[in-house]
file input30.pdb (PDB, C-alpha atoms)
ATOM      1  CA  MET T   1      19.673  -7.895  -1.097
ATOM      2  CA  ALA T   2      16.828 -10.179  -2.071
ATOM      3  CA  GLY T   3      17.391 -13.876  -1.720
ATOM      4  CA  ARG T   4      17.167 -16.152  -4.695
ATOM      5  CA  LYS T   5      14.003 -18.169  -5.177
ATOM      6  CA  ALA T   6      14.354 -21.163  -2.899
ATOM      7  CA  ALA T   7      14.540 -24.633  -4.340
ATOM      8  CA  ALA T   8      11.785 -26.989  -3.287
ATOM      9  CA  PRO T   9      12.621 -28.500   0.097
ATOM     10  CA  ASP T  10      13.470 -32.165   0.419
ATOM     11  CA  PRO T  11      10.497 -33.601   2.389
ATOM     12  CA  ALA T  12      12.606 -36.284   4.068
ATOM     13  CA  ARG T  13      15.203 -33.776   5.256
ATOM     14  CA  SER T  14      12.508 -31.346   6.397
ATOM     15  CA  LEU T  15      10.715 -34.038   8.387
ATOM     16  CA  ALA T  16      13.945 -35.192  10.016
ATOM     17  CA  LEU T  17      14.675 -31.619  11.093
ATOM     18  CA  LEU T  18      11.133 -30.880  12.181
ATOM     19  CA  TRP T  19      10.845 -33.913  14.412
ATOM     20  CA  GLY T  20      14.433 -33.862  15.666
ATOM     21  CA  SER T  21      16.020 -31.932  18.502
ATOM     22  CA  HIS T  22      16.311 -28.167  17.966
ATOM     23  CA  THR T  23      18.369 -27.438  21.037
ATOM     24  CA  LYS T  24      21.658 -29.313  20.551
ATOM     25  CA  PRO T  25      24.350 -26.800  19.496
ATOM     26  CA  GLY T  26      26.936 -27.487  16.818
ATOM     27  CA  ARG T  27      30.605 -26.546  16.851
ATOM     28  CA  SER T  28      29.771 -22.908  16.234
ATOM     29  CA  GLY T  29      27.339 -22.868  19.152
ATOM     30  CA  LEU T  30      24.383 -22.562  16.783
ATOM     31  CA  THR T  31      21.150 -24.481  17.181
ATOM     32  CA  VAL T  32      18.415 -25.098  14.636
ATOM     33  CA  ARG T  33      15.989 -23.219  16.880
ATOM     34  CA  ALA T  34      18.234 -20.140  16.938
ATOM     35  CA  ILE T  35      18.589 -20.190  13.146
ATOM     36  CA  VAL T  36      14.834 -20.501  12.649
ATOM     37  CA  GLY T  37      14.126 -17.762  15.189
ATOM     38  CA  ALA T  38      16.484 -15.354  13.422
ATOM     39  CA  ALA T  39      14.929 -16.212  10.057
ATOM     40  CA  ILE T  40      11.436 -15.499  11.366
ATOM     41  CA  GLU T  41      12.524 -12.139  12.756
ATOM     42  CA  LEU T  42      13.989 -11.176   9.385
ATOM     43  CA  ALA T  43      10.990 -12.416   7.400
ATOM     44  CA  ASP T  44       8.593 -10.507   9.666
ATOM     45  CA  VAL T  45      10.284  -7.295   8.531
ATOM     46  CA  SER T  46      11.418  -7.986   4.968
ATOM     47  CA  GLY T  47       9.195 -10.834   3.762
ATOM     48  CA  LEU T  48       9.966 -14.381   2.731
ATOM     49  CA  ASP T  49      11.154 -13.588  -0.801
ATOM     50  CA  ALA T  50      13.842 -11.253   0.501
ATOM     51  CA  LEU T  51      15.099 -13.748   3.052
ATOM     52  CA  SER T  52      18.407 -15.477   2.342
ATOM     53  CA  MET T  53      20.703 -17.812   4.227
ATOM     54  CA  ARG T  54      23.354 -15.082   4.169
ATOM     55  CA  MET T  55      20.996 -12.627   5.862
ATOM     56  CA  VAL T  56      20.306 -15.140   8.608
ATOM     57  CA  ALA T  57      24.027 -15.813   9.056
ATOM     58  CA  ASP T  58      24.765 -12.089   9.264
ATOM     59  CA  ARG T  59      22.079 -11.654  11.918
ATOM     60  CA  LEU T  60      23.606 -14.466  13.952
ATOM     61  CA  LYS T  61      27.128 -13.164  13.285
ATOM     62  CA  VAL T  62      28.382 -16.439  11.852
ATOM     63  CA  GLY T  63      29.595 -17.587   8.453
ATOM     64  CA  THR T  64      26.918 -18.664   5.987
ATOM     65  CA  MET T  65      28.395 -22.153   5.704
ATOM     66  CA  SER T  66      27.811 -22.639   9.449
ATOM     67  CA  LEU T  67      24.076 -22.552   8.764
ATOM     68  CA  TYR T  68      24.294 -25.313   6.187
ATOM     69  CA  THR T  69      25.660 -27.742   8.766
ATOM     70  CA  HIS T  70      22.280 -27.427  10.512
ATOM     71  CA  VAL T  71      19.785 -26.604   7.732
ATOM     72  CA  PRO T  72      20.337 -27.766   4.118
ATOM     73  CA  GLY T  73      18.792 -24.716   2.444
ATOM     74  CA  LYS T  74      16.085 -22.080   2.362
ATOM     75  CA  GLY T  75      13.383 -24.559   1.417
ATOM     76  CA  GLU T  76      13.887 -26.654   4.537
ATOM     77  CA  LEU T  77      14.357 -23.491   6.589
ATOM     78  CA  THR T  78      10.947 -22.269   5.411
ATOM     79  CA  ASP T  79       9.334 -25.521   6.548
ATOM     80  CA  LEU T  80      10.921 -25.054   9.963
ATOM     81  CA  MET T  81       9.837 -21.399  10.150
ATOM     82  CA  PHE T  82       6.252 -22.286   9.267
ATOM     83  CA  ASP T  83       6.080 -24.902  11.999
ATOM     84  CA  GLN T  84       7.776 -22.759  14.635
ATOM     85  CA  ALA T  85       5.505 -19.764  13.933
ATOM     86  CA  TYR T  86       2.593 -21.813  15.283
ATOM     87  CA  GLY T  87       4.515 -23.279  18.222
ATOM     88  CA  ASP T  88       2.933 -21.103  20.919
ATOM     89  CA  LEU T  89      -0.507 -20.820  19.353
ATOM     90  CA  TYR T  90      -2.344 -22.436  22.254
ATOM     91  CA  ALA T  91       0.283 -22.128  24.968
ATOM     92  CA  ASP T  92      -2.033 -20.088  27.222
ATOM     93  CA  ALA T  93      -5.391 -21.740  26.544
ATOM     94  CA  GLU T  94      -6.916 -24.337  24.239
ATOM     95  CA  PRO T  95     -10.083 -23.940  22.157
ATOM     96  CA  ALA T  96     -11.979 -26.724  23.930
ATOM     97  CA  ALA T  97     -11.766 -24.715  27.159
ATOM     98  CA  GLN T  98     -13.675 -21.776  25.644
ATOM     99  CA  GLY T  99     -17.145 -23.262  26.094
ATOM    100  CA  ASP T 100     -19.259 -24.665  23.293
ATOM    101  CA  TRP T 101     -18.014 -25.544  19.813
ATOM    102  CA  ARG T 102     -18.960 -22.136  18.403
ATOM    103  CA  ALA T 103     -16.964 -20.205  20.995
ATOM    104  CA  ALA T 104     -14.087 -22.618  20.415
ATOM    105  CA  LEU T 105     -14.075 -22.027  16.650
ATOM    106  CA  GLU T 106     -14.236 -18.275  17.189
ATOM    107  CA  PHE T 107     -11.224 -18.620  19.489
ATOM    108  CA  ILE T 108      -9.400 -20.694  16.855
ATOM    109  CA  ALA T 109     -10.127 -18.087  14.201
ATOM    110  CA  ARG T 110      -8.823 -15.207  16.335
ATOM    111  CA  LYS T 111      -5.671 -17.056  17.364
ATOM    112  CA  ASN T 112      -4.848 -17.942  13.764
ATOM    113  CA  TRP T 113      -5.579 -14.358  12.710
ATOM    114  CA  ASP T 114      -3.095 -13.084  15.297
ATOM    115  CA  VAL T 115      -0.353 -15.377  13.956
ATOM    116  CA  LEU T 116      -0.962 -14.289  10.354
ATOM    117  CA  VAL T 117      -0.943 -10.604  11.289
ATOM    118  CA  ALA T 118       2.302 -11.053  13.218
ATOM    119  CA  HIS T 119       3.932 -13.131  10.452
ATOM    120  CA  PRO T 120       2.490 -12.013   7.081
ATOM    121  CA  TRP T 121       5.199 -13.959   5.227
ATOM    122  CA  ILE T 122       3.204 -17.104   6.022
ATOM    123  CA  HIS T 123       0.922 -16.153   3.123
ATOM    124  CA  ASP T 124       3.841 -16.875   0.778
ATOM    125  CA  VAL T 125       4.455 -20.394   2.110
ATOM    126  CA  PRO T 126       2.960 -23.057  -0.198
ATOM    127  CA  THR T 127       0.946 -24.971   2.382
ATOM    128  CA  MET T 128      -0.511 -27.771   0.249
ATOM    129  CA  ARG T 129       2.660 -29.855   0.583
ATOM    130  CA  THR T 130       4.348 -28.293   3.567
ATOM    131  CA  ALA T 131       6.083 -30.930   5.673
ATOM    132  CA  LEU T 132       3.966 -31.689   8.728
ATOM    133  CA  GLY T 133       5.962 -30.753  11.780
ATOM    134  CA  PRO T 134       5.065 -31.331  15.439
ATOM    135  CA  ASN T 135       3.548 -27.883  15.974
ATOM    136  CA  ILE T 136       1.322 -28.013  12.892
ATOM    137  CA  THR T 137       0.251 -31.563  13.753
ATOM    138  CA  ARG T 138      -0.515 -30.555  17.354
ATOM    139  CA  LYS T 139      -2.428 -27.522  16.059
ATOM    140  CA  TYR T 140      -4.610 -29.746  13.871
ATOM    141  CA  GLU T 141      -5.277 -32.147  16.754
ATOM    142  CA  ILE T 142      -6.257 -29.341  19.127
ATOM    143  CA  GLU T 143      -8.446 -27.534  16.591
ATOM    144  CA  LEU T 144     -10.409 -30.676  15.746
ATOM    145  CA  ARG T 145     -11.353 -31.438  19.347
ATOM    146  CA  PRO T 146     -14.267 -28.946  19.642
ATOM    147  CA  LEU T 147     -15.888 -30.558  16.587
ATOM    148  CA  ASP T 148     -15.580 -34.115  17.830
ATOM    149  CA  GLY T 149     -18.709 -35.789  19.187
ATOM    150  CA  LEU T 150     -21.156 -33.421  17.479
ATOM    151  CA  GLY T 151     -22.398 -35.975  14.968
ATOM    152  CA  LEU T 152     -20.191 -34.812  12.111
ATOM    153  CA  SER T 153     -18.229 -37.328  10.083
ATOM    154  CA  ASP T 154     -14.443 -37.140  10.124
ATOM    155  CA  VAL T 155     -14.469 -35.573   6.649
ATOM    156  CA  GLU T 156     -17.086 -33.025   7.734
ATOM    157  CA  MET T 157     -15.038 -32.136  10.810
ATOM    158  CA  ASP T 158     -11.992 -31.499   8.647
ATOM    159  CA  SER T 159     -14.050 -29.532   6.115
ATOM    160  CA  ALA T 160     -15.662 -27.345   8.780
ATOM    161  CA  LEU T 161     -12.287 -26.508  10.292
ATOM    162  CA  ALA T 162     -10.783 -25.850   6.850
ATOM    163  CA  LEU T 163     -13.679 -23.510   6.026
ATOM    164  CA  VAL T 164     -12.972 -21.412   9.111
ATOM    165  CA  LEU T 165      -9.204 -21.346   8.582
ATOM    166  CA  THR T 166      -9.490 -20.546   4.869
ATOM    167  CA  HIS T 167     -11.701 -17.570   5.690
ATOM    168  CA  VAL T 168      -9.183 -16.367   8.279
ATOM    169  CA  GLN T 169      -6.319 -16.745   5.799
ATOM    170  CA  GLY T 170      -8.194 -14.864   3.092
ATOM    171  CA  THR T 171      -9.101 -11.883   5.256
ATOM    172  CA  ALA T 172      -5.642 -11.766   6.833
ATOM    173  CA  ARG T 173      -4.072 -11.808   3.371
ATOM    174  CA  ALA T 174      -6.302  -8.903   2.340
ATOM    175  CA  GLY T 175      -5.217  -7.029   5.447
ATOM    176  CA  ALA T 176      -1.552  -7.659   4.661
ATOM    177  CA  GLU T 177      -2.046  -6.379   1.103
ATOM    178  CA  GLN T 178      -3.837  -3.318   2.466
ATOM    179  CA  LEU T 179      -0.950  -2.487   4.788
ATOM    180  CA  ARG T 180       1.594  -3.058   2.018
ATOM    181  CA  THR T 181      -0.333  -0.740  -0.314
ATOM    182  CA  GLN T 182      -0.493   1.948   2.376
ATOM    183  CA  ARG T 183       3.236   1.649   2.984
ATOM    184  CA  ASP T 184       4.159   1.697  -0.701
ATOM    185  CA  SER T 185       1.846   4.616  -1.584
ATOM    186  CA  GLY T 186       2.497   6.677   1.527
ATOM    187  CA  LEU T 187      -1.269   7.179   1.912
ATOM    188  CA  THR T 188      -3.663   5.772   4.470
ATOM    189  CA  ASP T 189      -6.872   4.304   3.085
ATOM    190  CA  GLU T 190      -8.760   7.301   4.455
ATOM    191  CA  GLU T 191      -6.444   9.709   2.619
ATOM    192  CA  TRP T 192      -6.736   7.644  -0.571
ATOM    193  CA  TRP T 193     -10.525   7.599  -0.296
ATOM    194  CA  ARG T 194     -10.700  11.388   0.139
ATOM    195  CA  GLN T 195      -8.593  11.787  -3.012
ATOM    196  CA  ILE T 196     -10.681   9.572  -5.268
ATOM    197  CA  SER T 197     -14.145  10.157  -3.831
ATOM    198  CA  PRO T 198     -14.981  13.400  -5.704
ATOM    199  CA  THR T 199     -13.851  12.017  -9.067
ATOM    200  CA  LEU T 200     -15.528   8.670  -8.478
ATOM    201  CA  THR T 201     -18.796  10.387  -7.569
ATOM    202  CA  ALA T 202     -18.616  12.513 -10.700
ATOM    203  CA  VAL T 203     -17.953   9.664 -13.126
ATOM    204  CA  MET T 204     -20.552   7.381 -11.539
ATOM    205  CA  THR T 205     -23.333   9.993 -11.689
ATOM    206  CA  GLY T 206     -25.837   9.182 -14.407
ATOM    207  CA  THR T 207     -24.248   5.848 -15.307
ATOM    208  CA  ASN T 208     -25.924   2.460 -15.562
ATOM    209  CA  PHE T 209     -24.403   1.264 -12.285
ATOM    210  CA  PRO T 210     -26.808   2.547  -9.640
ATOM    211  CA  LEU T 211     -26.239  -0.344  -7.229
ATOM    212  CA  ALA T 212     -22.456  -0.306  -7.590
ATOM    213  CA  GLY T 213     -22.414   3.438  -7.052
ATOM    214  CA  ARG T 214     -24.720   3.390  -4.053
ATOM    215  CA  VAL T 215     -23.227   0.376  -2.267
ATOM    216  CA  GLY T 216     -19.638   1.248  -3.083
ATOM    217  CA  THR T 217     -20.116   4.774  -1.782
ATOM    218  CA  ALA T 218     -21.772   3.491   1.388
ATOM    219  CA  VAL T 219     -18.881   1.091   2.045
ATOM    220  CA  GLY T 220     -16.255   3.738   1.341
ATOM    221  CA  GLU T 221     -17.912   6.259   3.615
ATOM    222  CA  HIS T 222     -18.474   3.724   6.384
ATOM    223  CA  PHE T 223     -14.948   2.270   6.449
ATOM    224  CA  GLN T 224     -13.053   5.137   4.775
ATOM    225  CA  SER T 225     -11.600   2.318   2.702
ATOM    226  CA  ALA T 226     -12.636  -0.223   0.107
ATOM    227  CA  LEU T 227     -12.264  -2.958   2.745
ATOM    228  CA  ASP T 228     -12.066  -3.419   6.487
ATOM    229  CA  PRO T 229     -10.371  -6.816   7.021
ATOM    230  CA  ALA T 230     -11.373  -7.004  10.700
ATOM    231  CA  HIS T 231     -15.029  -6.462   9.781
ATOM    232  CA  ALA T 232     -14.749  -8.997   6.961
ATOM    233  CA  LEU T 233     -13.324 -11.535   9.404
ATOM    234  CA  THR T 234     -16.108 -11.047  11.949
ATOM    235  CA  PHE T 235     -18.957 -10.896   9.423
ATOM    236  CA  GLY T 236     -17.800 -13.908   7.409
ATOM    237  CA  LEU T 237     -16.965 -15.992  10.480
ATOM    238  CA  ALA T 238     -20.467 -15.481  11.894
ATOM    239  CA  ARG T 239     -22.053 -16.620   8.618
ATOM    240  CA  ILE T 240     -19.755 -19.655   8.416
ATOM    241  CA  LEU T 241     -20.547 -20.701  11.983
ATOM    242  CA  ASP T 242     -24.271 -20.295  11.266
ATOM    243  CA  GLY T 243     -23.851 -22.761   8.398
ATOM    244  CA  ILE T 244     -21.901 -25.246  10.520
ATOM    245  CA  ALA T 245     -24.633 -24.997  13.179
ATOM    246  CA  LEU T 246     -27.233 -26.002  10.587
ATOM    247  CA  LEU T 247     -25.123 -28.990   9.567
ATOM    248  CA  ILE T 248     -24.733 -30.093  13.193
ATOM    249  CA  ASP T 249     -28.501 -29.780  13.708
ATOM    250  CA  GLU T 250     -29.097 -31.944  10.625
ATOM    251  CA  ARG T 251     -26.731 -34.628  11.856
ATOM    252  CA  SER T 252     -28.241 -34.733  15.354
TER     253      SER T 252
END
call {"tool": "encode", "arguments": {"input": "input30.pdb", "output": "structure tokens"}}
result
Amino acid sequence: MAGRKAAAPDPARSLALLWGSHTKPGRSGLTVRAIVGAAIELADVSGLDALSMRMVADRLKVGTMSLYTHVPGKGELTDLMFDQAYGDLYADAEPAAQGDWRAALEFIARKNWDVLVAHPWIHDVPTMRTALGPNITRKYEIELRPLDGLGLSDVEMDSALALVLTHVQGTARAGAEQLRTQRDSGLTDEEWWRQISPTLTAVMTGTNFPLAGRVGTAVGEHFQSALDPAHALTFGLARILDGIALLIDERS
């Protein structure tokens, strides 16, 4: 059963939960961390829209009202899920340890890509006003470090990082849509391409779209799909880092 559209979270309540202790159990033995972990597991499979407090309670084998003694509602729960999803992002290694700034930003891009692939529901979280929790704040601090001391202004550092992360989010979103389309249609992209290729070739022959026909056919044949998100990530990231390198050279 799909959950109802969540009301907007209360920022004050979200912040209090995000920066408070997640380990102290209540009367039912529940902790905020356990609730958030169960919600993430459910959202990974069913998506954020389908998630409900009742589903989380059922997974934890407790009454729904037990959840509300820890988390006020789905809006605040989503803020907690978003923050916790990035909790282990740099647990093994930090970007600054990867070498120069370019290697560090490539590392940042790949790590963020991995999180978005593992938790595609993150694409449905409105991030412009998401409450800043400890994990997201730590993430921002760590990801800025490779850009510090290169001659960029603080605004340019933030903009360079945002450019990389926005590219990662866009390509990961495209990949999530691609997988969802494959699942819903029952066809892989290669199977879909084989189906439409003969008709597409026929209708494009003799038209006024020679470039679209040639390039589109080349892409389809090369990737057996209209898009390869992994290629798009690598290609776009390289061009973005080239641009940041030019900016750093200008500043120095």
call {"tool": "residues_around", "arguments": {"input": "input30.pdb", "residues": "Val168 of chain T", "least_positions_apart": "2", "cutoff": "12 Å", "atoms": "all atoms listed in the file", "output": "number ranges by chain"}}
result
T: 105-117, 123, 161-166, 170-175, 229-238, 240
call {"tool": "residues_around", "arguments": {"input": "input30.pdb", "residues": "His70 of chain T", "least_positions_apart": "5", "cutoff": "9 Å", "atoms": "all atoms listed in the file", "output": "PyMOL selection string"}}
result
chain T and resi 17+26+30-32+35
call {"tool": "residues_around", "arguments": {"input": "input30.pdb", "residues": "Gly149 of chain T", "least_positions_apart": "4", "cutoff": "12 Å", "atoms": "all atoms listed in the file", "output": "list of chain:residue names"}}
result
T:Asp100, T:Trp101, T:Leu144, T:Arg145, T:Ser153, T:Asp154, T:Glu156, T:Met157, T:Ile248, T:Arg251, T:Ser252
call {"tool": "closest_atom_pairs", "arguments": {"input": "input30.pdb", "of": "segment 132-153 of chain T", "to": "segment 79-94 of chain T", "cutoff": "12 Å", "atoms": "all atoms listed in the file", "output": "tab-separated table"}}
result
residue	atom	partner	partner_atom	distance
T:Leu132	CA	T:Asp83	CA	7.8
T:Gly133	CA	T:Asp83	CA	5.9
T:Pro134	CA	T:Asp83	CA	7.4
T:Asn135	CA	T:Gly87	CA	5.2
T:Ile136	CA	T:Asp83	CA	5.8
T:Thr137	CA	T:Asp83	CA	9.0
T:Arg138	CA	T:Gly87	CA	8.9
T:Lys139	CA	T:Tyr86	CA	7.6
T:Tyr140	CA	T:Tyr86	CA	10.8
T:Glu141	CA	T:Glu94	CA	10.9
T:Ile142	CA	T:Glu94	CA	7.2
T:Glu143	CA	T:Glu94	CA	8.4
T:Leu144	CA	T:Glu94	CA	11.2
T:Arg145	CA	T:Glu94	CA	9.7
T:Pro146	CA	T:Glu94	CA	9.8
call {"tool": "atom_distance", "arguments": {"input": "input30.pdb", "atom1": "atom CA of Ala38 of chain T", "atom2": "atom CA of Arg59 of chain T"}}
result
6.9 Å
call {"tool": "resolve_selection", "arguments": {"input": "input30.pdb", "expression": "the PyMOL selection byres ((chain T and resi 213-228) around 9)", "output": "ChimeraX atom specification"}}
result
/T:174-175,178,188-194,197,200-201,204-205,207,209-212,229-233
call {"tool": "closest_residue", "arguments": {"input": "input30.pdb", "among": "T:Thr181, T:Thr69, T:Thr78, T:Ser159", "to": "Pro126 of chain T", "atoms": "only C-alpha atoms"}}
result
T:Thr78
call {"tool": "atom_distance", "arguments": {"input": "input30.pdb", "atom1": "atom CA of Ala34 of chain T", "atom2": "atom CA of Lys61 of chain T"}}
result
11.9 Å
call {"tool": "atom_distance", "arguments": {"input": "input30.pdb", "atom1": "atom CA of Arg54 of chain T", "atom2": "atom CA of Pro120 of chain T"}}
result
21.3 Å
call {"tool": "residues_around", "arguments": {"input": "input30.pdb", "residues": "Gly75 of chain T", "least_positions_apart": "3", "cutoff": "9 Å", "atoms": "all atoms listed in the file", "output": "PDB file with C-alpha atoms, in the coordinates of the input"}}
result
ATOM      1  CA  ALA T   6      14.354 -21.163  -2.899  1.00  0.00           C
ATOM      2  CA  ALA T   7      14.540 -24.633  -4.340  1.00  0.00           C
ATOM      3  CA  ALA T   8      11.785 -26.989  -3.287  1.00  0.00           C
ATOM      4  CA  PRO T   9      12.621 -28.500   0.097  1.00  0.00           C
ATOM      5  CA  ASP T  10      13.470 -32.165   0.419  1.00  0.00           C
ATOM      6  CA  SER T  14      12.508 -31.346   6.397  1.00  0.00           C
ATOM      7  CA  PRO T  72      20.337 -27.766   4.118  1.00  0.00           C
ATOM      8  CA  THR T  78      10.947 -22.269   5.411  1.00  0.00           C
ATOM      9  CA  ASP T  79       9.334 -25.521   6.548  1.00  0.00           C
ATOM     10  CA  LEU T  80      10.921 -25.054   9.963  1.00  0.00           C
TER      11      LEU T  80
END
call {"tool": "axis_aligned_box", "arguments": {"input": "input30.pdb", "around": "segment 100-115 of chain T", "padding_each_side": "6 Å", "output": "AutoDock Vina command-line options"}}
result
--center_x -9.8 --center_y -19.3 --center_z 18.0 --size_x 30.9 --size_y 24.5 --size_z 22.6
call {"tool": "decode", "arguments": {"input": "input30.pdb", "residues": "segment 117-193 of chain T", "atoms": "C-alpha atoms", "output": "PDB file, in the first residue's frame"}}
result
ATOM      1  CA  VAL T 117      22.816   3.840  -7.101  1.00  0.00           C
ATOM      2  CA  ALA T 118      22.318   2.017  -3.803  1.00  0.00           C
ATOM      3  CA  HIS T 119      19.553   4.389  -2.640  1.00  0.00           C
ATOM      4  CA  PRO T 120      17.709   5.715  -5.728  1.00  0.00           C
ATOM      5  CA  TRP T 121      14.936   7.127  -3.520  1.00  0.00           C
ATOM      6  CA  ILE T 122      17.334   9.958  -2.663  1.00  0.00           C
ATOM      7  CA  HIS T 123      16.404  11.500  -6.020  1.00  0.00           C
ATOM      8  CA  ASP T 124      12.915  12.115  -4.608  1.00  0.00           C
ATOM      9  CA  VAL T 125      14.147  13.988  -1.524  1.00  0.00           C
ATOM     10  CA  PRO T 126      13.793  17.777  -1.941  1.00  0.00           C
ATOM     11  CA  THR T 127      17.345  18.772  -1.067  1.00  0.00           C
ATOM     12  CA  MET T 128      17.124  22.569  -1.301  1.00  0.00           C
ATOM     13  CA  ARG T 129      15.745  22.839   2.239  1.00  0.00           C
ATOM     14  CA  THR T 130      16.679  19.508   3.733  1.00  0.00           C
ATOM     15  CA  ALA T 131      17.640  19.886   7.384  1.00  0.00           C
ATOM     16  CA  LEU T 132      21.419  19.781   7.704  1.00  0.00           C
ATOM     17  CA  GLY T 133      22.319  16.792   9.808  1.00  0.00           C
ATOM     18  CA  PRO T 134      25.758  15.787  11.108  1.00  0.00           C
ATOM     19  CA  ASN T 135      26.523  13.393   8.251  1.00  0.00           C
ATOM     20  CA  ILE T 136      25.606  15.852   5.497  1.00  0.00           C
ATOM     21  CA  THR T 137      27.544  18.619   7.253  1.00  0.00           C
ATOM     22  CA  ARG T 138      30.583  16.349   7.672  1.00  0.00           C
ATOM     23  CA  LYS T 139      30.281  15.330   4.010  1.00  0.00           C
ATOM     24  CA  TYR T 140      30.375  18.975   2.916  1.00  0.00           C
ATOM     25  CA  GLU T 141      33.394  19.695   5.126  1.00  0.00           C
ATOM     26  CA  ILE T 142      35.328  16.697   3.803  1.00  0.00           C
ATOM     27  CA  GLU T 143      34.467  17.355   0.154  1.00  0.00           C
ATOM     28  CA  LEU T 144      35.601  20.978   0.331  1.00  0.00           C
ATOM     29  CA  ARG T 145      39.057  20.163   1.683  1.00  0.00           C
ATOM     30  CA  PRO T 146      40.683  19.167  -1.656  1.00  0.00           C
ATOM     31  CA  LEU T 147      39.661  22.545  -3.104  1.00  0.00           C
ATOM     32  CA  ASP T 148      41.022  24.608  -0.244  1.00  0.00           C
ATOM     33  CA  GLY T 149      44.307  26.438  -0.793  1.00  0.00           C
ATOM     34  CA  LEU T 150      44.140  26.346  -4.598  1.00  0.00           C
ATOM     35  CA  GLY T 151      43.456  30.054  -4.994  1.00  0.00           C
ATOM     36  CA  LEU T 152      39.701  29.710  -5.409  1.00  0.00           C
ATOM     37  CA  SER T 153      37.362  31.938  -3.443  1.00  0.00           C
ATOM     38  CA  ASP T 154      34.983  30.338  -0.964  1.00  0.00           C
ATOM     39  CA  VAL T 155      32.093  30.826  -3.402  1.00  0.00           C
ATOM     40  CA  GLU T 156      34.122  29.284  -6.235  1.00  0.00           C
ATOM     41  CA  MET T 157      35.016  26.300  -4.057  1.00  0.00           C
ATOM     42  CA  ASP T 158      31.352  25.710  -3.292  1.00  0.00           C
ATOM     43  CA  SER T 159      30.384  26.191  -6.945  1.00  0.00           C
ATOM     44  CA  ALA T 160      33.043  23.776  -8.204  1.00  0.00           C
ATOM     45  CA  LEU T 161      31.925  21.099  -5.762  1.00  0.00           C
ATOM     46  CA  ALA T 162      28.256  21.705  -6.604  1.00  0.00           C
ATOM     47  CA  LEU T 163      29.047  21.370 -10.319  1.00  0.00           C
ATOM     48  CA  VAL T 164      30.582  17.941  -9.769  1.00  0.00           C
ATOM     49  CA  LEU T 165      27.802  16.723  -7.473  1.00  0.00           C
ATOM     50  CA  THR T 166      25.027  18.028  -9.733  1.00  0.00           C
ATOM     51  CA  HIS T 167      26.527  16.127 -12.657  1.00  0.00           C
ATOM     52  CA  VAL T 168      26.702  12.958 -10.556  1.00  0.00           C
ATOM     53  CA  GLN T 169      23.086  13.390  -9.444  1.00  0.00           C
ATOM     54  CA  GLY T 170      21.886  13.954 -12.998  1.00  0.00           C
ATOM     55  CA  THR T 171      23.585  10.896 -14.465  1.00  0.00           C
ATOM     56  CA  ALA T 172      22.588   8.720 -11.508  1.00  0.00           C
ATOM     57  CA  ARG T 173      18.982   9.860 -11.897  1.00  0.00           C
ATOM     58  CA  ALA T 174      19.101   8.932 -15.585  1.00  0.00           C
ATOM     59  CA  GLY T 175      20.454   5.524 -14.635  1.00  0.00           C
ATOM     60  CA  ALA T 176      17.663   5.018 -12.104  1.00  0.00           C
ATOM     61  CA  GLU T 177      15.055   5.949 -14.725  1.00  0.00           C
ATOM     62  CA  GLN T 178      16.686   3.556 -17.183  1.00  0.00           C
ATOM     63  CA  LEU T 179      16.491   0.671 -14.724  1.00  0.00           C
ATOM     64  CA  ARG T 180      12.890   1.517 -13.838  1.00  0.00           C
ATOM     65  CA  THR T 181      11.932   1.574 -17.527  1.00  0.00           C
ATOM     66  CA  GLN T 182      13.610  -1.796 -18.087  1.00  0.00           C
ATOM     67  CA  ARG T 183      11.780  -3.272 -15.114  1.00  0.00           C
ATOM     68  CA  ASP T 184       8.396  -1.847 -16.091  1.00  0.00           C
ATOM     69  CA  SER T 185       8.678  -2.828 -19.780  1.00  0.00           C
ATOM     70  CA  GLY T 186      10.273  -6.220 -19.235  1.00  0.00           C
ATOM     71  CA  LEU T 187      12.845  -5.378 -21.930  1.00  0.00           C
ATOM     72  CA  THR T 188      16.533  -4.625 -21.624  1.00  0.00           C
ATOM     73  CA  ASP T 189      17.751  -1.578 -23.524  1.00  0.00           C
ATOM     74  CA  GLU T 190      19.460  -3.888 -26.007  1.00  0.00           C
ATOM     75  CA  GLU T 191      16.198  -5.752 -26.653  1.00  0.00           C
ATOM     76  CA  TRP T 192      14.316  -2.454 -26.985  1.00  0.00           C
ATOM     77  CA  TRP T 193      16.914  -1.119 -29.416  1.00  0.00           C
TER      78      TRP T 193
END
